[in-house]
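Peer 1: Okay, here's the structure, questions in a sec.
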Amino acid sequence: MNFKNLQFFDGGFGSLLQKRGLQPGEKPEAWNISHPDAVLAIHKEYLQAGSDIITTNTFGANALKYDDPASVIRAGVQVAKQAVAQVGYGKVALDIGPTGKLLEPFGPLGFEDCVDLFKQQIGAGCTQADLIIIETMSDLQEARAAVLAAKETCSLPIFVTLSFGEDGRLLTGASVEVAVAVLEGMGVDAIGLNCGLGPVEMLPLAKRMAAVTSLPIILNPNAGMPVLENGETVYKITPEIYAQAVGELLKVGVAFVGGCCGTTPDYIKALHTAFSQYPFVVPSEKSRTVIASNTKTVVLEDKPVVIGERINPTGKPKLKEALRNADMDYVVREAMTQEEHGADILDVNVGAPGVNEKEVLPQCIRVITQTVTLPLQIDTADPAAMEQALRCYCGKALINSVNGKQESMDAVFPLVKKYGGCAVCLTLDENGIPETADGRLRIAEKIVREAERYGIARSDLLIDTLTLSVSTKADNAIVTLESLRRVRFDMGLHTVLGVSNVSFGLPDRPGVNAAFLTLAMQNGLSAAIINPLSRPERTAVLAFRALNAMDENCENYIAFASDAPAQAVAEETVQTLAFAVRKGLAEKAAELAKEMLKSNDALQIINAELIPALTAVGEAFEKKTLFLPQLLSSAKAAQSAFAVLRENGKQTENADKKIVFATVKGDIHDIGKNIVTMLLSNYGFTVIDLGKDVPPQTVAETVVENGVKLVGLSALMTTTLPAMEETVKLLRAVKPDCKVMVGGAVVTQEYADSIGAHFYGKDAMEAVHIAQTFFDDN
């Protein structure tokens, strides 16, 4: 990007359409066809105010909302291009917003279906646009789907902006650091933040993003948070105050700036007036080696990390059988065991006779990521299976492996480039494994050169100098260690080894493995593939960290040494229903609920097992030690148990605790509502879910008809907040004893108070607590 000065995006669009007559519930993108002059006028106002880039009025124009989205999108791009032509300058960004649906397994939308939806949008608009802006994403997996759709449809630059909460997490749990690792790994051209926060609240997140990304940063804040005045949604931050606050944001190093909800051409003009001479800043190259799950990053530095090797069927007949029978509970237990015993990354390998890797590997990836938070190493020699796994994995995987054979590099490096990831690079080629360190380094250098040809950074390569058994050749370990040392300290690359091969054919293998592991770490081993349940190997890792000042006050070593010898998750522990719910094991939860019914009544099961488990999960969610994917997995496991109780004629809901829930009139986003209603049902409340885009009268009639005393209302769009106020007023009039709680991305405590709502739920668990307290007191 050859820009000299800071580039300016435009601002909000929906509120400007409302001032021109857009009605509540009316689809704003339809105005591209029905009122193109109004859309054109808004684009021109932004360009004349100083916008360098205008976004098309296509934010929600997908096949879930329109019968013919392509026509709407093409019209939107044409209007934007017309504005640029009439004003004489500017670029057009094809605007792609979220679908409004949760992706499987937590919602109804399949990942490939989501990719296809975005492909339809991008295909319709990319031929005339200058770039693609994927914006307001609160689900990292949905952002991945949009990026893949863009990469598979066109070659335009791809910008992505994400909508974080003040806690620095997306709705589905990803941190700023995780999102940067994943999206930068996928090769997007610029990354940033928009919506949800004003410029002041956005500053800490912008600093975190600047600390980890090497990409140009985009910042498009809201004009603060909305308040209600005289029945109208307004923003209190003036253009001048907004520009002053954005000035602080620019100090972190920003390339693109603009606005989101509540901003108008006046706000962009204020920015342009103040900062048009600011330089176009690209952050420094970070060269970080990062592996990420959807909620956690592992950064390779000097401290060696542990890759758990137990999900690999080689020499494990029970795992082989589980994979053949699609026994995912067994796989998940292995994952949980290793996480609990100190693994930093989990290797996942399903290669065994009778196992279809293309089907089973992605299946394992999906169930593991629902249960544990660790990043994964995807381990397969089958490029087709590798692509399927990488496609569904919401993270930046460690990819095991590529080697110096041209055939291998031709197959694997395009996948690394497309999906992002760090590659394990084996120092072997068409001639086999060299017997000398010089030979292995020549292959490492060859692999690095080939990776650079694909645009893959050196920091995304981990070199495996290959562990061979000392029982077959006396100097095998010496050659491996010399190669390791030279790769790490001479070439400056990170390293990885499968440790246990060194002891093949010898007695007391754990002792030999631990000694070799210590030598390898001393010679620059970055990541050790070991069995985390092997106490000698774990002792070696933790002692090495402590002795090298990598464990403050030796706290981790002392904690480990104080424990009893490591054991796998005991089978009897897994047999408790509470454990199955906490860990999100839906099939196991149903099985155990059915078994418990033979000797317990439903109420006893609910009070002794289900509610304590859900409470523990909720507390972990509130403490940010567990995130939305795990919360929803636990909720689904609880649902499966409740379903068993209901099938057997047992009452699981309290008819006296009825709650009506709805997304307000004009708002077609129901992700947050669906999460809340799922949790409320699990806690025994009877939920009457009216869906989305619900008129106030429908809510009121349902409340009166069913004698409901508590209502929940949700809104995501600022343009639909008046409908929330209208609904609250109507409920107060027709059923004064009914209380209302409100929530959603654009709702605040101040706004809730201003419209007369009784409660404000900042997130799903807060809504549960409100309901519990309300019915306990009434």
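Starting from 1 in every chain, residues are counted up; chains themselves are A, B, ... following the order of the structure tokens, and ligands are numbered from 1 as listed.
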Would you return as a ChimeraX atom specification the members of range 226-385 of chain A that DSSP assigns to alpha helix (DSSP H) on this structure's backbone?
Peer 2: /A:239-250,265-275,317-324,328-340,357-371,383-385
Peer 1: Leaving out range 736-748 of chain A and any residue of its chain fewer than 6 positions from it, which residues lie within 7 Å of it when counting only C-alpha atoms, given as a list in words?
Peer 2: Gly196, Gly672, Val708, Lys709, Leu710, Val711, Gly712, Leu713, Ser714, Ala715, Leu716, Met717, Thr718, Ala757, His758, Phe759, Tyr760, Gly761 and Lys762 of chain A
Peer 1: Store the residues of this selection in a file with C-alpha atoms, as a tab-separated table (two decimals), in the first residue's frame.
Peer 2:
```tsv
chain	number	residue	atom	x	y	z
A	196	GLY	CA	-19.16	-1.54	19.92
A	672	GLY	CA	-27.31	-12.96	21.63
A	708	VAL	CA	-45.70	-13.58	32.28
A	709	LYS	CA	-43.89	-11.43	34.83
A	710	LEU	CA	-40.46	-11.09	33.20
A	711	VAL	CA	-39.58	-10.13	29.63
A	712	GLY	CA	-36.21	-10.01	27.89
A	713	LEU	CA	-35.61	-7.70	24.93
A	714	SER	CA	-32.53	-7.67	22.71
A	715	ALA	CA	-31.21	-5.25	20.07
A	716	LEU	CA	-27.99	-5.13	18.08
A	717	MET	CA	-28.69	-2.20	15.76
A	718	THR	CA	-28.85	1.38	16.96
A	757	ALA	CA	-36.35	-0.94	31.68
A	758	HIS	CA	-36.04	-2.60	35.07
A	759	PHE	CA	-32.85	-4.57	34.43
A	760	TYR	CA	-29.82	-4.44	32.14
A	761	GLY	CA	-28.06	-7.69	31.24
A	762	LYS	CA	-24.53	-7.07	29.99
```
Peer 1: Any idea what the distance is between CA of Ala451 in chain A and CA of Arg288 in chain A?
Peer 2: 16.3 Å
Peer 1: Go ahead and compute the interatomic distance for CA of Val39 in chain A and CA of Cys260 in chain A, in Å to one decimal.
Peer 2: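 Going from CA of Val39 in chain A over to CA of Cys260 in chain A covers 16.5 Å.
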Peer 1: For His272 in chain A, which of A:Ala384, A:Ala181, A:Ala49, A:Cys392 is the closest residue, counting only C-alpha atoms?
Peer 2: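 Distance minimum relative to His272 in chain A lands on A:Ala49.
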Peer 1: Name all residues at most 12 Å from Gly173 in chain A (count only C-alpha atoms; drop same-chain ones fewer than 5 positions away) and give them as a PyMOL selection string.
Peer 2: chain A and resi 138-141+163-165+167-168+178-179+293-296+370+373+394-395+621-622+624-632
Peer 1: I'd like the contact shell of Gln697 in chain A - 8 Å cut-off, only C-alpha atoms, skipping same-chain residues fewer than 2 positions apart - returned as a PyMOL selection string.
Peer 2: chain A and resi 695+699-701+727+730
Peer 1: Give me, as a list of chain:residue names, all polymer residues having an atom no more than 9 Å from Pro283 in chain A, counting only C-alpha atoms and skipping those fewer than 6 positions away in the same chain.
Peer 2: A:Ala210, A:Ala211, A:Val212, A:Thr213, A:Ser214, A:Leu215, A:Pro216, A:Ile217, A:Gly253, A:Val254
Peer 1: How far is it from CA of Ala527 in chain A to CA of Ser562 in chain A, in Å with one decimal?
Peer 2: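 Distance reported for this atom pair: 24.8 Å.
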Peer 1: Between A:Pro696, A:Pro199, A:Gly125, A:Gly684, single out the one closest to Phe661 in chain A, counting only C-alpha atoms.
Peer 2: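 With only C-alpha atoms as the atom set, the closest residue is A:Pro696.
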Peer 1: As a CSV table (one decimal) with all heavy atoms, in the first residue's frame, please: every residue in range 165-291 of chain A that a backbone DSSP assignment puts in strand (DSSP E).
Peer 2:
```
chain,number,residue,atom,x,y,z
A,190,ALA,N,-5.1,-5.7,5.8
A,190,ALA,CA,-5.2,-4.7,6.9
A,190,ALA,C,-6.2,-5.2,8.0
A,190,ALA,O,-7.1,-6.0,7.6
A,190,ALA,CB,-5.6,-3.3,6.4
A,191,ILE,N,-6.0,-4.8,9.2
A,191,ILE,CA,-6.8,-5.4,10.3
A,191,ILE,C,-7.1,-4.3,11.3
A,191,ILE,O,-6.3,-3.3,11.4
A,191,ILE,CB,-6.1,-6.5,11.0
A,191,ILE,CG1,-7.0,-7.3,12.0
A,191,ILE,CG2,-4.8,-6.0,11.8
A,191,ILE,CD1,-6.4,-8.6,12.5
A,192,GLY,N,-8.3,-4.4,11.9
A,192,GLY,CA,-8.6,-3.3,12.8
A,192,GLY,C,-9.8,-3.5,13.7
A,192,GLY,O,-10.3,-4.7,13.8
A,193,LEU,N,-10.3,-2.4,14.2
A,193,LEU,CA,-11.5,-2.5,15.2
A,193,LEU,C,-12.6,-1.5,14.7
A,193,LEU,O,-12.3,-0.5,14.1
A,193,LEU,CB,-11.0,-2.0,16.6
A,193,LEU,CG,-9.7,-2.6,17.1
A,193,LEU,CD1,-9.2,-1.8,18.4
A,193,LEU,CD2,-10.0,-4.1,17.5
A,194,ASN,N,-13.8,-2.0,14.9
A,194,ASN,CA,-14.9,-1.0,14.6
A,194,ASN,C,-16.1,-1.4,15.5
A,194,ASN,O,-16.2,-2.5,16.0
A,194,ASN,CB,-15.3,-1.0,13.1
A,194,ASN,CG,-16.3,-2.2,12.8
A,194,ASN,OD1,-15.9,-3.3,12.8
A,194,ASN,ND2,-17.5,-1.8,12.4
A,217,ILE,N,-3.2,-0.8,10.4
A,217,ILE,CA,-4.3,-0.9,11.4
A,217,ILE,C,-5.4,0.1,11.0
A,217,ILE,O,-5.2,1.2,10.6
A,217,ILE,CB,-3.8,-0.5,12.8
A,217,ILE,CG1,-2.9,-1.6,13.3
A,217,ILE,CG2,-5.0,-0.4,13.8
A,217,ILE,CD1,-2.2,-1.3,14.6
A,218,ILE,N,-6.7,-0.4,11.1
A,218,ILE,CA,-7.9,0.4,10.8
A,218,ILE,C,-8.7,0.6,12.1
A,218,ILE,O,-8.9,-0.4,12.8
A,218,ILE,CB,-8.9,-0.4,9.8
A,218,ILE,CG1,-8.1,-0.9,8.6
A,218,ILE,CG2,-10.0,0.5,9.4
A,218,ILE,CD1,-8.8,-2.0,7.9
A,219,LEU,N,-9.1,1.8,12.4
A,219,LEU,CA,-9.8,2.1,13.6
A,219,LEU,C,-11.1,2.9,13.2
A,219,LEU,O,-10.9,4.1,12.7
A,219,LEU,CB,-9.0,2.9,14.6
A,219,LEU,CG,-7.8,2.1,15.2
A,219,LEU,CD1,-7.0,3.0,16.2
A,219,LEU,CD2,-8.2,0.8,15.9
A,220,ASN,N,-12.2,2.4,13.4
A,220,ASN,CA,-13.5,3.0,13.1
A,220,ASN,C,-14.4,3.0,14.3
A,220,ASN,O,-15.3,2.1,14.4
A,220,ASN,CB,-14.2,2.4,11.9
A,220,ASN,CG,-13.5,2.6,10.6
A,220,ASN,OD1,-12.8,3.6,10.4
A,220,ASN,ND2,-13.6,1.7,9.7
A,226,PRO,N,-25.0,5.1,22.6
A,226,PRO,CA,-26.2,5.9,22.4
A,226,PRO,C,-27.0,6.1,23.7
A,226,PRO,O,-26.9,5.4,24.6
A,226,PRO,CB,-27.0,4.9,21.5
A,226,PRO,CG,-26.6,3.6,21.8
A,226,PRO,CD,-25.1,3.7,22.1
A,227,VAL,N,-27.7,7.2,23.7
A,227,VAL,CA,-28.7,7.6,24.7
A,227,VAL,C,-30.0,8.0,24.1
A,227,VAL,O,-30.0,8.3,22.9
A,227,VAL,CB,-28.1,8.7,25.7
A,227,VAL,CG1,-26.9,8.2,26.4
A,227,VAL,CG2,-27.9,10.0,24.9
A,228,LEU,N,-31.0,8.0,24.9
A,228,LEU,CA,-32.3,8.4,24.3
A,228,LEU,C,-32.7,9.8,24.8
A,228,LEU,O,-32.7,10.1,25.9
A,228,LEU,CB,-33.4,7.4,24.8
A,228,LEU,CG,-34.7,7.4,24.1
A,228,LEU,CD1,-34.5,6.8,22.7
A,228,LEU,CD2,-35.8,6.5,24.8
A,229,GLU,N,-33.1,10.6,23.8
A,229,GLU,CA,-33.5,12.0,24.1
A,229,GLU,C,-34.8,12.2,23.2
A,229,GLU,O,-34.7,12.2,22.0
A,229,GLU,CB,-32.4,13.0,23.8
A,229,GLU,CG,-31.3,13.0,24.8
A,229,GLU,CD,-30.3,14.1,24.6
A,229,GLU,OE1,-30.5,14.8,23.6
A,229,GLU,OE2,-29.4,14.3,25.4
A,232,GLU,N,-35.6,9.8,20.6
A,232,GLU,CA,-34.7,9.6,19.5
A,232,GLU,C,-33.3,9.1,20.1
A,232,GLU,O,-32.9,9.6,21.1
A,232,GLU,CB,-34.5,10.9,18.8
A,232,GLU,CG,-33.6,10.8,17.5
A,232,GLU,CD,-33.5,12.1,16.8
A,232,GLU,OE1,-34.2,13.1,17.2
A,232,GLU,OE2,-32.6,12.2,15.9
A,233,THR,N,-32.7,8.2,19.4
A,233,THR,CA,-31.4,7.7,19.7
A,233,THR,C,-30.3,8.7,19.3
A,233,THR,O,-30.3,9.0,18.1
A,233,THR,CB,-31.1,6.3,19.1
A,233,THR,OG1,-32.1,5.4,19.5
A,233,THR,CG2,-29.8,5.8,19.5
A,234,VAL,N,-29.6,9.2,20.3
A,234,VAL,CA,-28.5,10.2,19.9
A,234,VAL,C,-27.2,9.8,20.6
A,234,VAL,O,-27.1,9.0,21.5
A,234,VAL,CB,-29.0,11.6,20.4
A,234,VAL,CG1,-30.2,12.0,19.7
A,234,VAL,CG2,-29.1,11.6,21.9
A,235,TYR,N,-26.2,10.4,20.0
A,235,TYR,CA,-24.8,10.2,20.6
A,235,TYR,C,-24.3,11.5,21.1
A,235,TYR,O,-24.4,12.6,20.4
A,235,TYR,CB,-23.9,9.7,19.5
A,235,TYR,CG,-24.2,8.3,19.1
A,235,TYR,CD1,-25.2,8.0,18.1
A,235,TYR,CD2,-23.5,7.2,19.6
A,235,TYR,CE1,-25.5,6.7,17.8
A,235,TYR,CE2,-23.8,5.9,19.2
A,235,TYR,CZ,-24.8,5.6,18.3
A,235,TYR,OH,-25.1,4.4,17.9
A,256,PHE,N,-5.5,3.7,8.7
A,256,PHE,CA,-6.9,4.0,8.3
A,256,PHE,C,-7.7,4.4,9.5
A,256,PHE,O,-7.7,3.7,10.5
A,256,PHE,CB,-7.5,2.9,7.5
A,256,PHE,CG,-6.8,2.3,6.4
A,256,PHE,CD1,-5.8,1.3,6.5
A,256,PHE,CD2,-7.0,2.9,5.1
A,256,PHE,CE1,-5.1,0.8,5.5
A,256,PHE,CE2,-6.3,2.4,4.0
A,256,PHE,CZ,-5.3,1.3,4.2
A,257,VAL,N,-8.5,5.5,9.4
A,257,VAL,CA,-9.4,5.9,10.4
A,257,VAL,C,-10.7,6.4,9.9
A,257,VAL,O,-10.8,6.9,8.8
A,257,VAL,CB,-8.7,6.9,11.3
A,257,VAL,CG1,-8.6,8.3,10.6
A,257,VAL,CG2,-9.4,7.1,12.7
A,289,THR,N,6.6,-16.0,16.3
A,289,THR,CA,6.1,-17.3,16.0
A,289,THR,C,4.9,-17.7,16.9
A,289,THR,O,5.1,-17.9,18.1
A,289,THR,CB,7.2,-18.4,16.2
A,289,THR,OG1,8.3,-18.0,15.3
A,289,THR,CG2,6.8,-19.8,15.8
A,290,VAL,N,3.7,-17.7,16.4
A,290,VAL,CA,2.5,-17.8,17.2
A,290,VAL,C,1.6,-18.9,16.7
A,290,VAL,O,1.4,-19.0,15.5
A,290,VAL,CB,1.7,-16.5,17.1
A,290,VAL,CG1,0.5,-16.6,18.1
A,290,VAL,CG2,2.6,-15.3,17.5
A,291,ILE,N,1.2,-19.8,17.6
A,291,ILE,CA,0.2,-20.8,17.3
A,291,ILE,C,-1.0,-20.4,18.1
A,291,ILE,O,-0.8,-20.0,19.3
A,291,ILE,CB,0.8,-22.2,17.7
A,291,ILE,CG1,2.0,-22.5,16.9
A,291,ILE,CG2,-0.3,-23.3,17.4
A,291,ILE,CD1,3.3,-22.3,17.6
```
Peer 1: Show me, as a PyMOL selection string, the residues that have an atom within 10 Å of Phe544 in chain A when counting only C-alpha atoms, minus same-chain residues fewer than 5 positions from it.
Peer 2: chain A and resi 303-304+517-519+521-522+538-539+549-551+557
Peer 1: Skip Thr99 in chain A itself and residues of its chain fewer than 4 positions away, then list as number ranges by chain all residues within 12 Å of it, counting only C-alpha atoms.
Peer 2: A: 58-66, 103, 107-111, 113-118, 121, 134-139, 141-143, 145-146, 668-671
Peer 1: For Gly14 in chain A, which of A:Lys27, A:Lys446, A:Arg545, A:Lys286 is the closest residue, counting only C-alpha atoms?
Peer 2: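 Smallest distance to Gly14 in chain A is found for A:Lys27.
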Peer 1: Between A:Pro157, A:Gly100, A:Pro434, A:Gly247, which is the closest to Ser483 in chain A once you count only C-alpha atoms?
Peer 2: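 Using only C-alpha atoms, the shortest distance to Ser483 in chain A belongs to A:Pro434.
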Peer 1: Which one is closest to Ile659 in chain A: A:Ile770, A:Val281, A:Ala578, A:Ile42? Count only C-alpha atoms.
Peer 2: A:Ile770
